[in-house]
Amino acid sequence: MSWIHKGEIERVRQSEMATEKLPSRLEAAPDVSSNTSQKLYLHVDMDAFFASVEERDNPSLKGRPIAVGGSVDGLKGIVTAANYPARKFGLKAGMTAIEAKRRCPQIIFVHLDARKYTYASAQIMDLLESFSPDLRILSVDEASLEISGIIRRYGSPAAVGQAVKDAIISRCNLPSTVGIATNRLTAKVAADTSKPNGLRYLIPGSEAAYLAPLPVSKMCGIGPATEASLAKFGIKTLGELANASEDMFRLKFGVVGPALIQMARGQYAGRMAHDDARGTDEKSMGHERTFGAPILDRAELRGWVVALSEMIARRVRTAAMVGRVLTMKLRYNDFETLHHQSVIPEPTDDEEMLILQGWKLLDQCWQQGRPVRLLGLSLGSLIPKVESIHQMNLFIGNQVFRREALYKALDSLKDKFGEKIILRAMGHSQRVRRDLISFGKSPK
Ligand SMILES: [Mg+2]
């Protein structure tokens with residue numbers, strides 16, 4: 001396989017320092033209250049997505065407890081999804097099939113059909129985009145839309161929510177839950193706490209009161225580690241967190257501290273985890289990391305290439321796209337920033353391609369011995385996957401489809417358990433592992 005390299009290294013020193021990201025998942029939040037034209041965000045989360053698709057396609061399963069994944073006899077494998085009747089018995093994703101059967105002897109195991117779910121997901125995302133072009137696909141069954149521009153057409157924010165739910169029913173016959181609020185995070189919490197088949201609109205100004213009684217773990221971004229540190233301050237609910245002292249939290253948690261408080265007040269207008277490094281070019285998808293402590297170790301940088309490639313490939317696959325221009329952004333500790341690009345012969349959504357190509361770019365970009373403070377990768381020149389398929393010859397096509405089945409299965413596990421669940425053995429140093437885990441709770 002031949003690779004075409006654009007050997008040119010761009011040096012981008014100018015305005016980069018001004019736009020340097022905060023070394024955290026959380027960025028400084030603009031003040032919402034001073035915003036006159038208030039934005040509204042609608043969060044859609046499909047109810048028990050995989051299980052609902054199976055129920056839809058086999059109505060005799062309706063109302064009966066079903067688990068997707070695991071062997072049909074329930075002796076092997078892991079449950080990837082459980083419908084609501086099964087959840088009443090305590091069944092949940094990640095449980096072994098044996099344990100599921102012990103808790104619920106009448107459980108029906110359904111074979112996991114990743115291609116079917118991906119297809120339904122693509123239909124849903126396509127539909128959502130027809131409501132509002134400002135769509136963020138957060139996982140195979142979750143998305144966030146900015147809807148302030150379309151409220152007048154439907155009459156009210158809640159009417160937009162109902163229209164979205166109805167449209168998903170009529171197109172895919174699948175149940176969903178919608179939350180609407182003045183920022184994406186709060187909208188997600190509104191949806192999470194209204195399942196199944198729910199619709200909740202938090203009127204601007206009512207967010208804090210709604211969030212107050214909820215445990216801190218209900219907030220997307222507050223994982224077990226943060227929950228434990230908050231407990232040390234006696235903070236268990238979002239209401240208690242909302243009343244904490246910003247100054248004290250800044251001392252204890254750095255920039256994240258005040259952001260946590262704003263999240264609990266329903267005022268956090270910074271970016272969601274999935275928004276990071278979305279890039280100015282909408283036809284590309286990327287991720288980048290600013291490292292708390294600059295990295296000098298080649299193995300560790302290669303590990304980050306693996307992690308970033310996996311995240312990009314998964315997002316690209318969720319969007320049913322393929323891309324062929326891979327760009328690496330590397331920033332040294334002295335803020336010198338390099339961009340380096342290569343063109344992949346076939347448009348791809350394959351993380352192994354991205355990893356191998358990313359490692360080559362790293363070798364071209366990075367001068368050994370210079371500490372790196374930021375590493376980013378993005379895949380550009382994206383086109384819809386269907387457009388690229390006819391270009392493949394049959395032999396490659398078969399290989400690609402086999403590999404795809406594997407990736408789709410991995411993606412669905414990651415969607416359920418977060419990025420940290422499946423980390424490639426290669427290239428992942430302890431620190432990468434720890435940092436990935438400290439990303440916080442990934443939206444399930
Ligand atoms: Mg869901």
# chains A, B, ... in the order shown; residues from 1 in each chain; ligands from 1

$ residues_near_ligand --ligand "ligand 1" --cutoff "7 Å" --atoms "only C-alpha atoms and all ligand atoms" --output "count of residues only"
8

$ closest_residue --among "A:Arg56, A:Glu99, A:His111, A:Val44" --to "Thr80 of chain A" --atoms "only C-alpha atoms"
A:His111

$ closest_residue --among "A:Thr186, A:Ser217, A:Ser170, A:Gln162" --to "Leu202 of chain A" --atoms "only C-alpha atoms"
A:Thr186

$ closest_residue --among "A:Ile108, A:Ile203, A:Ala51, A:Met125" --to "Ile137 of chain A" --atoms "only C-alpha atoms"
A:Met125

$ closest_residue --among "A:Arg370, A:Lys39, A:Arg102, A:Arg200" --to "Ile147 of chain A" --atoms "only C-alpha atoms"
A:Lys39

$ select_by_dssp --residues "segment 71-231 of chain A" --states "strand (DSSP E or B)" --output "list in words"
Ile78, Ala81, Ala82, Thr96, Ile108, Phe109, Val110, Leu135, Arg136, Ile137, Leu138, Ser139, Glu142, Ala143, Ser144, Leu145, Glu146, Ser176, Thr177, Val178, Gly179, Ile180, Ala181, Leu199, Arg200, Tyr201 and Pro215 of chain A

$ residues_around --residues "Ser132 of chain A" --least-positions-apart "5" --cutoff "10 Å" --atoms "only C-alpha atoms" --output "PyMOL selection string"
chain A and resi 127+144-150

$ write_last_selection --atoms "N, CA and C atoms" --output "mmCIF file, in the first residue's frame"
data_model
loop_
_atom_site.group_PDB
_atom_site.id
_atom_site.type_symbol
_atom_site.label_atom_id
_atom_site.label_comp_id
_atom_site.auth_asym_id
_atom_site.auth_seq_id
_atom_site.Cartn_x
_atom_site.Cartn_y
_atom_site.Cartn_z
ATOM 1 N N LEU A 127 -32.867 11.819 10.209
ATOM 2 C CA LEU A 127 -34.134 12.471 10.531
ATOM 3 C C LEU A 127 -33.909 13.695 11.427
ATOM 4 N N SER A 144 -27.754 15.511 20.222
ATOM 5 C CA SER A 144 -28.137 16.791 20.779
ATOM 6 C C SER A 144 -28.335 17.780 19.630
ATOM 7 N N LEU A 145 -29.446 18.528 19.672
ATOM 8 C CA LEU A 145 -29.799 19.463 18.601
ATOM 9 C C LEU A 145 -29.996 20.849 19.177
ATOM 10 N N GLU A 146 -29.548 21.867 18.454
ATOM 11 C CA GLU A 146 -29.862 23.237 18.855
ATOM 12 C C GLU A 146 -31.159 23.595 18.143
ATOM 13 N N ILE A 147 -32.192 23.986 18.906
ATOM 14 C CA ILE A 147 -33.522 24.101 18.283
ATOM 15 C C ILE A 147 -34.132 25.502 18.347
ATOM 16 N N SER A 148 -33.365 26.512 18.849
ATOM 17 C CA SER A 148 -34.032 27.810 19.064
ATOM 18 C C SER A 148 -34.629 28.371 17.770
ATOM 19 N N GLY A 149 -34.012 28.031 16.627
ATOM 20 C CA GLY A 149 -34.502 28.585 15.364
ATOM 21 C C GLY A 149 -35.801 27.971 14.849
ATOM 22 N N ILE A 150 -36.205 26.845 15.403
ATOM 23 C CA ILE A 150 -37.386 26.179 14.836
ATOM 24 C C ILE A 150 -38.582 26.157 15.787
#

$ atom_distance --atom1 "atom CA of Ala320 of chain A" --atom2 "atom CA of Leu138 of chain A"
13.5 Å

$ residues_around --residues "Lys360 of chain A" --least-positions-apart "2" --cutoff "12 Å" --atoms "only C-alpha atoms" --output "list of chain:residue names"
A:Trp3, A:Ile4, A:His5, A:Lys6, A:Gly7, A:Leu301, A:Arg302, A:Val305, A:Leu326, A:Thr327, A:Met328, A:His340, A:Gln341, A:Ser342, A:Val343, A:Met353, A:Leu354, A:Ile355, A:Leu356, A:Gln357, A:Gly358, A:Leu362, A:Asp363, A:Gln364, A:Cys365, A:Trp366

$ closest_residue --among "A:Ala82, A:Leu61, A:Gln267, A:Glu54" --to "Leu174 of chain A" --atoms "only C-alpha atoms"
A:Glu54

$ atom_distance --atom1 "atom CA of Thr177 of chain A" --atom2 "atom CA of Lys62 of chain A"
18.5 Å
